[in-house]
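A quick write-up on the structure given underneath.
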Amino acid sequence: MKKTILLFVLFAFASSYAQESQNLALVTVMGEGKLKIVPDQVAISIAIETKGTDTKLVKEQNDTKTASVLKGIKKWGLAPADVQTQRVSLNPAYDYETKKTFIHASQSITLLLRDLSKYDALMTELVSAGITTISSVEFQSSQQAKLQSSVRKLAMQNALEKAQDYLSVVGQKVGKVQSISDTSVSVSPQPLYNTKMMAMQADGAARETLAAGELELSVQIQVSFSIN
């Protein structure tokens, strides 16, 4: 009997709460937080490629160039965790101009350079060592995860200020938060460039070829507040 009464009370409470929630007056707004930061590191994707007619010889040549590239990277003191082989391939390919089949060997490597000032000297050395392609250059910040939290708070503050602005006009106040939805759209960073390295100058002259600029962290949320 006691269990039946308890269940009835709980059911009545839940029904009452659901009805109250449905009748609750809400103000729903979009909040946005933005923060611009200066990148302090760069992720680079490179590739070493070799073509020929003899499978064994093509593989050996590409392996030799890859070993030279990895040796060059190691000289710059990059941590082992910051250098990773992404893809290795050895396959026949067809040249539509010569109408002949050849063997193509390729190995792609990504590396994280935590000192942007070393970029030009490092890449010049790696070109000499045998890389043929820079697939992408992506600027990053080592503080991005930490700063993202600050951007979320900015978005929430922006939502609250918007709600207060709207309700102040009609003499009402913002109540408790009823719901929060993160509506941010994740956009993959675009490579800085994608180019063959065959035409890069090999004179060793000091030069700067990167413009790091700024990164923008952005968060968009939808928040519903009750109205008091």
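Lettering and numbering for the structure tokens are positional, with chains as A, B, ... in the shown order, residues counted from 1 in each chain, and ligands counted from 1 in the shown order.
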
When you look at Glu161 (chain A) with a cut-off of 10 Å (counting only C-alpha atoms), what residues show up, excluding the ones that are within fewer than 4 positions of it in the same chain? I need them as an NGL selection string.
:A and (29 or 31 or 155-157 or 165-166 or 174)

Write the selection just made, keeping N, CA, C and O atoms, as a PDB file, in the first residue's frame?
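Saved the output as part-v7.pdb:
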ATOM      1  N   VAL A  29      18.288  32.697 -26.782  1.00  0.00           N
ATOM      2  CA  VAL A  29      19.212  33.569 -27.515  1.00  0.00           C
ATOM      3  C   VAL A  29      20.421  32.774 -27.991  1.00  0.00           C
ATOM      4  O   VAL A  29      20.715  31.685 -27.494  1.00  0.00           O
ATOM      5  N   GLY A  31      24.505  32.865 -28.280  1.00  0.00           N
ATOM      6  CA  GLY A  31      25.686  33.515 -27.720  1.00  0.00           C
ATOM      7  C   GLY A  31      26.921  33.133 -28.520  1.00  0.00           C
ATOM      8  O   GLY A  31      27.033  32.010 -29.005  1.00  0.00           O
ATOM      9  N   ALA A 155      31.145  33.081 -24.735  1.00  0.00           N
ATOM     10  CA  ALA A 155      29.887  32.822 -25.441  1.00  0.00           C
ATOM     11  C   ALA A 155      28.715  32.821 -24.469  1.00  0.00           C
ATOM     12  O   ALA A 155      27.637  33.358 -24.759  1.00  0.00           O
ATOM     13  N   MET A 156      28.923  32.240 -23.293  1.00  0.00           N
ATOM     14  CA  MET A 156      27.851  32.194 -22.292  1.00  0.00           C
ATOM     15  C   MET A 156      27.548  33.596 -21.769  1.00  0.00           C
ATOM     16  O   MET A 156      26.377  33.970 -21.587  1.00  0.00           O
ATOM     17  N   GLN A 157      28.581  34.392 -21.554  1.00  0.00           N
ATOM     18  CA  GLN A 157      28.393  35.754 -21.091  1.00  0.00           C
ATOM     19  C   GLN A 157      27.651  36.579 -22.133  1.00  0.00           C
ATOM     20  O   GLN A 157      26.770  37.387 -21.819  1.00  0.00           O
ATOM     21  N   ASP A 165      19.314  42.262 -22.230  1.00  0.00           N
ATOM     22  CA  ASP A 165      18.943  43.392 -23.077  1.00  0.00           C
ATOM     23  C   ASP A 165      17.485  43.281 -23.519  1.00  0.00           C
ATOM     24  O   ASP A 165      16.721  44.259 -23.455  1.00  0.00           O
ATOM     25  N   TYR A 166      17.098  42.103 -23.973  1.00  0.00           N
ATOM     26  CA  TYR A 166      15.733  41.910 -24.460  1.00  0.00           C
ATOM     27  C   TYR A 166      14.710  42.109 -23.352  1.00  0.00           C
ATOM     28  O   TYR A 166      13.708  42.821 -23.514  1.00  0.00           O
ATOM     29  N   VAL A 174      16.040  38.052 -16.186  1.00  0.00           N
ATOM     30  CA  VAL A 174      16.476  36.726 -16.617  1.00  0.00           C
ATOM     31  C   VAL A 174      16.471  35.775 -15.422  1.00  0.00           C
ATOM     32  O   VAL A 174      16.993  36.097 -14.353  1.00  0.00           O
TER      33      VAL A 174
END

For region 140-148 of chain A: contacts at 6 Å, only C-alpha atoms, fewer than 2 positions along chain excluded, given as a PyMOL selection string
chain A and resi 39-42+150-151

Could you save those same residues with all heavy atoms as a CSV table (one decimal), in the first residue's frame?
chain,number,residue,atom,x,y,z
A,39,PRO,N,49.6,32.0,-33.4
A,39,PRO,CA,50.1,30.6,-33.4
A,39,PRO,C,51.6,30.5,-33.0
A,39,PRO,O,52.4,31.4,-33.2
A,39,PRO,CB,50.0,30.1,-34.8
A,39,PRO,CG,49.9,31.4,-35.6
A,39,PRO,CD,49.3,32.4,-34.8
A,40,ASP,N,52.0,29.4,-32.3
A,40,ASP,CA,53.3,29.3,-31.9
A,40,ASP,C,53.9,27.9,-32.3
A,40,ASP,O,55.1,27.6,-32.0
A,40,ASP,CB,53.4,29.4,-30.3
A,40,ASP,CG,52.6,28.3,-29.6
A,40,ASP,OD1,52.0,27.5,-30.3
A,40,ASP,OD2,52.5,28.4,-28.4
A,41,GLN,N,53.2,27.2,-33.2
A,41,GLN,CA,53.7,26.0,-33.7
A,41,GLN,C,53.1,25.7,-35.1
A,41,GLN,O,52.0,26.3,-35.4
A,41,GLN,CB,53.5,24.8,-32.7
A,41,GLN,CG,52.1,24.5,-32.4
A,41,GLN,CD,52.0,23.5,-31.2
A,41,GLN,OE1,52.8,23.4,-30.3
A,41,GLN,NE2,50.9,22.7,-31.3
A,42,VAL,N,53.6,24.7,-35.8
A,42,VAL,CA,53.1,24.4,-37.1
A,42,VAL,C,53.2,23.0,-37.4
A,42,VAL,O,54.2,22.3,-37.1
A,42,VAL,CB,53.8,25.3,-38.2
A,42,VAL,CG1,55.3,24.9,-38.3
A,42,VAL,CG2,53.2,25.0,-39.6
A,150,SER,N,38.1,29.5,-22.2
A,150,SER,CA,37.8,30.9,-22.1
A,150,SER,C,36.8,31.4,-23.1
A,150,SER,O,35.9,32.2,-22.8
A,150,SER,CB,39.1,31.7,-22.2
A,150,SER,OG,40.0,31.3,-21.2
A,151,VAL,N,36.9,30.8,-24.3
A,151,VAL,CA,36.0,31.2,-25.4
A,151,VAL,C,34.5,30.8,-25.1
A,151,VAL,O,33.6,31.5,-25.4
A,151,VAL,CB,36.4,30.7,-26.8
A,151,VAL,CG1,35.5,31.1,-27.9
A,151,VAL,CG2,37.8,31.2,-27.1

Per DSSP on the backbone, what are the helix (DSSP H, G or I) residues of region 11-202 of chain A, as a ChimeraX atom specification?
/A:11-23,55-75,80-82,116-129,144-169

Could you pull out the residues in region 13-200 of chain A that DSSP calls strand (DSSP E) from the backbone, as a PyMOL selection string?
chain A and resi 26-37+41-52+83-95+100-113+133-140+174-182+195-196

Ser184 (chain A) environment, 12 Å, only C-alpha atoms, sequence neighbours closer than 6 positions dropped, as JSON, numbers by chain:
{"A": [30, 31, 32, 33, 34, 151, 152, 155, 217, 218, 219, 220, 221, 222]}

Output C-alpha atoms of each residue in that selection to a file, as a compact mmCIF listing (two decimals), in the first residue's frame.
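As written to disk, part.txt reads:
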# COMPACT_ATOMS: atom_id res chain seq x y z
CA MET A 30 22.39 32.79 -29.42
CA GLY A 31 25.69 33.51 -27.72
CA GLU A 32 29.04 33.81 -29.45
CA GLY A 33 32.57 33.90 -28.11
CA LYS A 34 35.64 34.77 -30.18
CA VAL A 151 35.96 31.24 -25.41
CA ARG A 152 33.06 29.10 -24.14
CA ALA A 155 29.89 32.82 -25.44
CA LEU A 217 38.84 30.46 -31.80
CA SER A 218 35.06 30.67 -32.00
CA VAL A 219 32.16 29.12 -30.09
CA GLN A 220 28.42 29.52 -30.77
CA ILE A 221 25.76 28.37 -28.29
CA GLN A 222 22.00 28.52 -27.96

Given only C-alpha atoms as the basis, pick out the residue of A:Ser106, A:Leu70, A:Thr28, A:Trp76 nearest to Ala159 (chain A).
A:Thr28

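Pairwise distance (CA of Leu112 (chain A), CA of Lys75 (chain A)) equals 14.2 Å.
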
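Those residues that approach Ala43 (chain A) to within 7 Å, counting only C-alpha atoms, are Thr110, Leu111, Leu112, Leu113, Val137, Glu138 and Phe139 of chain A; same-chain residues fewer than 3 positions away are not listed.
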